[in-house]
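Here is the structure we will look at.
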Amino acid sequence: MNGSGRTKSGGPLRIVVLQHAGWEGPGTFGRLLDESGAAVIPVRVDKGEQPPALRSVDGILAMGGPMSVNDDVPWIAPEKEYIRRAVGAGVPFFGVCLGAQLLAASLGARVEPARAHYGLHPVDMAPGSFTDPLFGGLPRSVPVFQWHGENFGLPPGAVRLAGSPGCPNEAMRVGESAYGIQFHLEVDEALLGEWLAVPQCREELAERCGPDAPEAVTAGLAAGALRVQRCARRVWGGWMDLVAARGGV
């Protein structure tokens, strides 16, 4: 899997990045997109920006955010409808944390409170992952970066790919190319530093995990950085291969 960013005709794949907060950027995924030569179309949904027509994009990456999919926020319903139509049209989709919850909710599943996870925690691969084009071949237990207090249910027909204690659905696939992950493969030390520079994020982490948590979580991510980045490249490259296979259609 090479994660090519080119269409079948040789042009750049057009990847929409739906963002819900200024600090919730694509991180590692953004760098991999740059390396691949794909064209990135950032959309700040939380600021009222509208995503482009589905016929003009090759894939959609939906990032996380501090809000809940269940919040009374005016842009959530339109974004869910956009995602629902994208999945129905076969446009490859990759949702991270809130992005995964939006995918689940757009297809009729519930998003509910779950055991909060912050920092590096293992997720266990489910049998559905063993032959999956993104997760197949990964170790049965993988350390990933977590920052969440809710979890998505599985929509009808979804395949469960991974879970963890207190958070049964850590990754899922819907159809051939729509994926949601509860964890943050895009987070590296640089992006985590940006998060912790936001008072809201730092206070949340300290309140949930103690006053020393920002330093402890940073050290934990640094210690596991190589394994996390290897997993990120494997999973993201597999998804980009699906995008490229469809690109130009």
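Here's how to read the names in the structure tokens: chain A, B, ... by the order shown, residue numbers from 1 in each chain, ligand numbers from 1 in the order shown.
Look at Ala104 (chain A): the protein and nucleic acid residues within 10 Å of it, using only C-alpha atoms and passing over chain neighbours fewer than 2 places away, are Val69, Lys80, Ile83, Arg84, Gly95, Leu98, Gly99, Ala100, Gln101, Leu102, Ser106, Leu107, Gly108, Ala109, Arg110, Val111, Asn151, Phe152, Gly153, Leu154, Pro155, Pro156, Ala158, Met172, Val174, Tyr179 and Gly180 of chain A.
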Dump of C-alpha atoms for the selected residues, as a short mmCIF file (atom, residue, chain, number, x, y, z; two decimals), in the first residue's frame:
```cif
data_model
loop_
_atom_site.label_atom_id
_atom_site.label_comp_id
_atom_site.auth_asym_id
_atom_site.auth_seq_id
_atom_site.Cartn_x
_atom_site.Cartn_y
_atom_site.Cartn_z
CA VAL A 69 -22.53 15.13 18.12
CA LYS A 80 -24.43 14.72 9.08
CA ILE A 83 -21.74 12.62 5.31
CA ARG A 84 -24.84 10.49 4.79
CA GLY A 95 -13.71 10.08 10.46
CA LEU A 98 -16.01 13.36 16.53
CA GLY A 99 -15.72 12.63 12.80
CA ALA A 100 -16.35 8.94 13.49
CA GLN A 101 -19.27 9.80 15.75
CA LEU A 102 -20.74 12.01 13.02
CA SER A 106 -25.54 10.23 10.20
CA LEU A 107 -26.38 6.57 9.55
CA GLY A 108 -28.75 6.19 12.49
CA ALA A 109 -26.52 4.95 15.33
CA ARG A 110 -26.37 6.45 18.81
CA VAL A 111 -23.40 8.24 20.35
CA ASN A 151 -18.34 6.36 21.88
CA PHE A 152 -20.32 5.62 18.75
CA GLY A 153 -22.68 2.71 18.20
CA LEU A 154 -22.53 0.63 15.05
CA PRO A 155 -24.91 1.64 12.23
CA PRO A 156 -26.76 -1.11 10.36
CA ALA A 158 -21.19 -1.69 9.88
CA MET A 172 -15.54 0.52 12.20
CA VAL A 174 -19.32 1.00 6.67
CA TYR A 179 -14.24 4.36 8.16
CA GLY A 180 -14.53 5.77 11.66
#
```
Self-check item: All strand (DSSP E) residues (DSSP, backbone) inside region 44-196 of chain A, as a PyMOL selection string
Solution: chain A and resi 44+59-62+93-96+111-125+141-152+159-164+167-174+178-181
Practice problem: Compile the contact shell of Pro92 (chain A) as a PyMOL selection string: residues with an atom at most 8 Å away, counting only C-alpha atoms, same-chain residues fewer than 4 positions apart removed. | Solution: chain A and resi 58-60+86-87+177-178+239+242-243
Selection file, N, CA, C and O atoms, as a CSV table (one decimal), in the first residue's frame:
```csv
chain,number,residue,atom,x,y,z
A,58,ASP,N,-12.8,13.6,-4.1
A,58,ASP,CA,-12.4,12.2,-4.2
A,58,ASP,C,-12.5,11.5,-2.8
A,58,ASP,O,-12.6,10.2,-2.7
A,59,GLY,N,-12.4,12.2,-1.7
A,59,GLY,CA,-12.4,11.6,-0.4
A,59,GLY,C,-12.6,12.7,0.7
A,59,GLY,O,-12.4,13.9,0.4
A,60,ILE,N,-13.1,12.3,1.8
A,60,ILE,CA,-13.5,13.2,2.9
A,60,ILE,C,-12.8,12.7,4.2
A,60,ILE,O,-13.0,11.6,4.6
A,86,ALA,N,-22.6,11.4,1.2
A,86,ALA,CA,-21.3,10.9,0.7
A,86,ALA,C,-21.1,9.4,0.8
A,86,ALA,O,-20.7,8.8,-0.2
A,87,VAL,N,-21.5,8.8,1.9
A,87,VAL,CA,-21.5,7.4,2.0
A,87,VAL,C,-22.4,6.7,1.0
A,87,VAL,O,-22.0,5.7,0.4
A,177,SER,N,-15.7,1.7,1.9
A,177,SER,CA,-14.6,2.8,2.0
A,177,SER,C,-14.9,3.9,3.0
A,177,SER,O,-14.3,4.9,3.0
A,178,ALA,N,-15.9,3.7,3.9
A,178,ALA,CA,-16.2,4.6,4.9
A,178,ALA,C,-15.8,4.1,6.3
A,178,ALA,O,-16.2,3.0,6.7
A,239,TRP,N,-6.3,3.6,3.3
A,239,TRP,CA,-7.5,4.3,2.9
A,239,TRP,C,-7.2,5.1,1.7
A,239,TRP,O,-8.0,5.2,0.8
A,242,LEU,N,-7.7,3.1,-1.3
A,242,LEU,CA,-9.1,3.0,-1.7
A,242,LEU,C,-9.6,4.3,-2.5
A,242,LEU,O,-10.3,4.2,-3.4
A,243,VAL,N,-9.1,5.5,-2.0
A,243,VAL,CA,-9.5,6.7,-2.6
A,243,VAL,C,-8.9,6.7,-4.0
A,243,VAL,O,-9.6,7.1,-5.0
```
Practice problem: Name the closest residue to Leu134 (chain A) among the candidates A:Val45, A:Val91, A:Val235, A:Leu205; distances are taken between atoms, counting only C-alpha atoms. | Solution: A:Val235
Exercise. Just the residues within 7 Å of region 31-38 of chain A, please, counting only C-alpha atoms, with nothing from its chain fewer than 3 positions along; format it as a ChimeraX atom specification.
Key: /A:3-6,12-15,27-28
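The coordinates place CA of Gly30 (chain A) at 21.8 Å from CA of Gly48 (chain A).
Interatomic distance, CA of Gly237 (chain A) against CA of Gln19 (chain A): 20.7 Å.
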Practice problem: Name the residues in contact with Ala213 (chain A) at a cut-off of 10 Å, using only C-alpha atoms, excluding same-chain residues fewer than 4 positions from it; report them as a ChimeraX atom specification. | Solution: /A:118-119,202-203,205-209,217-219
Quiz prompt | Those in region 75-157 of chain A with alpha helix (DSSP H) from DSSP, as a PyMOL selection string | solution = chain A and resi 76-89+98-106
Quiz prompt | Spatial neighbours of Gly128 (chain A), 10 Å, only C-alpha atoms, chain gap at least 4 places, as a PyMOL selection string | solution = chain A and resi 132+135-136+158-162+172-173
Next, write the just-selected residues to a file, as an mmCIF file, in the first residue's frame, keeping C-alpha atoms as the atom set.
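Done, and the output landed in again.cif:
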```cif
data_model
loop_
_atom_site.group_PDB
_atom_site.id
_atom_site.type_symbol
_atom_site.label_atom_id
_atom_site.label_comp_id
_atom_site.auth_asym_id
_atom_site.auth_seq_id
_atom_site.Cartn_x
_atom_site.Cartn_y
_atom_site.Cartn_z
ATOM 1 C CA ASP A 132 -9.734 -5.386 6.260
ATOM 2 C CA PHE A 135 -6.394 -2.812 9.568
ATOM 3 C CA GLY A 136 -5.580 -6.302 8.294
ATOM 4 C CA ALA A 158 -21.191 -1.694 9.885
ATOM 5 C CA VAL A 159 -18.199 -3.954 10.591
ATOM 6 C CA ARG A 160 -16.572 -3.594 14.005
ATOM 7 C CA LEU A 161 -12.798 -3.419 13.600
ATOM 8 C CA ALA A 162 -11.464 -2.646 17.091
ATOM 9 C CA MET A 172 -15.540 0.523 12.200
ATOM 10 C CA ARG A 173 -16.083 0.252 8.473
#
```
